[in-house]
Amino acid sequence: MKKFVITLFWVATTLFLIRSYGYQFYKIPAGSMQPALLVGDVIAANKWLYLFEEPQRGDLVLFNYPKDESQVFVKRLIGLPGESLGIKKQIVYINGLPIKEPYAFHDASPSKGITPSLGNDFGPLIIPDKYYFVLGDNREKSQDSRHFGLVKRDKIFGKADRVINSKDEEGENRPRRFWKAFPAITFH
């Protein structure tokens, strides 16, 4: 009996550590990150990574929504501390230079329950130390740093690693998306 209790303790401790500091799963409820993340995708979030390194531009980061910290958001990290960031005619400029964004999707068509973004122009602003600027890939249908402001570093707790499951609106599996990893994005 004593051996069973000790084993149970270690199993529970390991599961707690994995959930708290390892991987956690999240279901995508809205289309603000399309086409990278679709409504119905379940993603694995790596919660270890940012204990050892800083978030990088292009990462799909998970963070507590600044206006309601009980909500978890996932967005693409665009602006880093110390940078100047502006948006003109759907092009993001970092320190005055345009960046290539192959993942950015612009769809201004009306959608039920979605408020379009603020438009094409934003900033410029200087991002302070320990803050980041995030955007949804589906730019016109995303609530992001243009709306709720910068995200503080200590609110970013994970990086989306891969899609582990995906179902469409009818509940049908989308097997081509299973175990789909997010490629590293190179910025020039």
# chains A, B, ... in the order shown; residues from 1 in each chain; ligands from 1
$ residues_around --residues "Pro29 in chain A" --least-positions-apart "3" --cutoff "12 Å" --atoms "only C-alpha atoms" --output "PyMOL selection string"
chain A and resi 26+32-34+37-43+71-74+166-169
$ write_last_selection --atoms "N, CA and C atoms" --output "compact mmCIF listing (two decimals), in the first residue's frame"
# COMPACT_ATOMS: atom_id res chain seq x y z
N TYR A 26 -5.15 23.66 -26.35
CA TYR A 26 -6.15 24.72 -26.47
C TYR A 26 -6.92 24.54 -27.77
N SER A 32 -9.46 34.51 -36.05
CA SER A 32 -8.51 35.62 -36.13
C SER A 32 -7.11 35.21 -36.56
N MET A 33 -6.80 33.92 -36.49
CA MET A 33 -5.47 33.44 -36.88
C MET A 33 -5.49 32.64 -38.17
N GLN A 34 -6.59 32.68 -38.91
CA GLN A 34 -6.64 32.00 -40.20
C GLN A 34 -5.68 32.67 -41.17
N LEU A 37 -4.22 28.98 -38.16
CA LEU A 37 -5.06 28.24 -37.22
C LEU A 37 -6.51 28.40 -37.65
N LEU A 38 -7.21 27.28 -37.74
CA LEU A 38 -8.61 27.30 -38.15
C LEU A 38 -9.51 27.08 -36.94
N VAL A 39 -10.73 27.59 -37.02
CA VAL A 39 -11.72 27.32 -35.98
C VAL A 39 -11.85 25.80 -35.89
N GLY A 40 -11.74 25.26 -34.68
CA GLY A 40 -11.83 23.81 -34.47
C GLY A 40 -10.48 23.12 -34.34
N ASP A 41 -9.38 23.83 -34.62
CA ASP A 41 -8.05 23.25 -34.38
C ASP A 41 -7.82 23.14 -32.88
N VAL A 42 -7.13 22.09 -32.49
CA VAL A 42 -6.63 21.95 -31.12
C VAL A 42 -5.12 22.02 -31.23
N ILE A 43 -4.52 22.98 -30.50
CA ILE A 43 -3.08 23.17 -30.59
C ILE A 43 -2.40 22.72 -29.30
N GLN A 71 -9.10 34.88 -19.96
CA GLN A 71 -9.12 34.40 -21.34
C GLN A 71 -7.69 34.24 -21.86
N VAL A 72 -7.49 33.18 -22.64
CA VAL A 72 -6.21 32.94 -23.29
C VAL A 72 -6.35 33.27 -24.76
N PHE A 73 -5.43 34.08 -25.27
CA PHE A 73 -5.39 34.44 -26.68
C PHE A 73 -4.14 33.85 -27.31
N VAL A 74 -4.23 33.58 -28.62
CA VAL A 74 -3.05 33.21 -29.40
C VAL A 74 -2.97 34.17 -30.58
N SER A 166 -8.09 18.52 -35.41
CA SER A 166 -8.84 19.57 -36.08
C SER A 166 -10.18 19.02 -36.56
N LYS A 167 -11.24 19.78 -36.27
CA LYS A 167 -12.58 19.42 -36.75
C LYS A 167 -13.23 20.64 -37.36
N ASP A 168 -13.96 20.42 -38.44
CA ASP A 168 -14.65 21.54 -39.09
C ASP A 168 -15.95 21.86 -38.34
N GLU A 169 -16.74 22.80 -38.88
CA GLU A 169 -17.95 23.26 -38.22
C GLU A 169 -18.99 22.15 -38.02
$ select_by_dssp --residues "chain A" --states "helix (DSSP H, G or I)" --output "ChimeraX atom specification"
/A:2-21,49-52,139-141,145-148,153-155,175-177
$ closest_residue --among "A:Ile127, A:Leu62, A:Val134, A:Ile28" --to "Phe148 in chain A" --atoms "only C-alpha atoms"
A:Val134
$ atom_distance --atom1 "CA of Gly123 in chain A" --atom2 "CA of Lys75 in chain A"
18.8 Å
$ residues_around --residues "Arg139 in chain A" --least-positions-apart "5" --cutoff "8 Å" --atoms "only C-alpha atoms" --output "list in words"
Ser32, Ala104, Phe105, His106, Asp107 and Ser117 of chain A
$ residues_around --residues "Phe52 in chain A" --least-positions-apart "5" --cutoff "12 Å" --atoms "only C-alpha atoms" --output "PyMOL selection string"
chain A and resi 21+46-47+157-158
$ atom_distance --atom1 "CA of Ile126 in chain A" --atom2 "CA of Ala36 in chain A"
27.5 Å
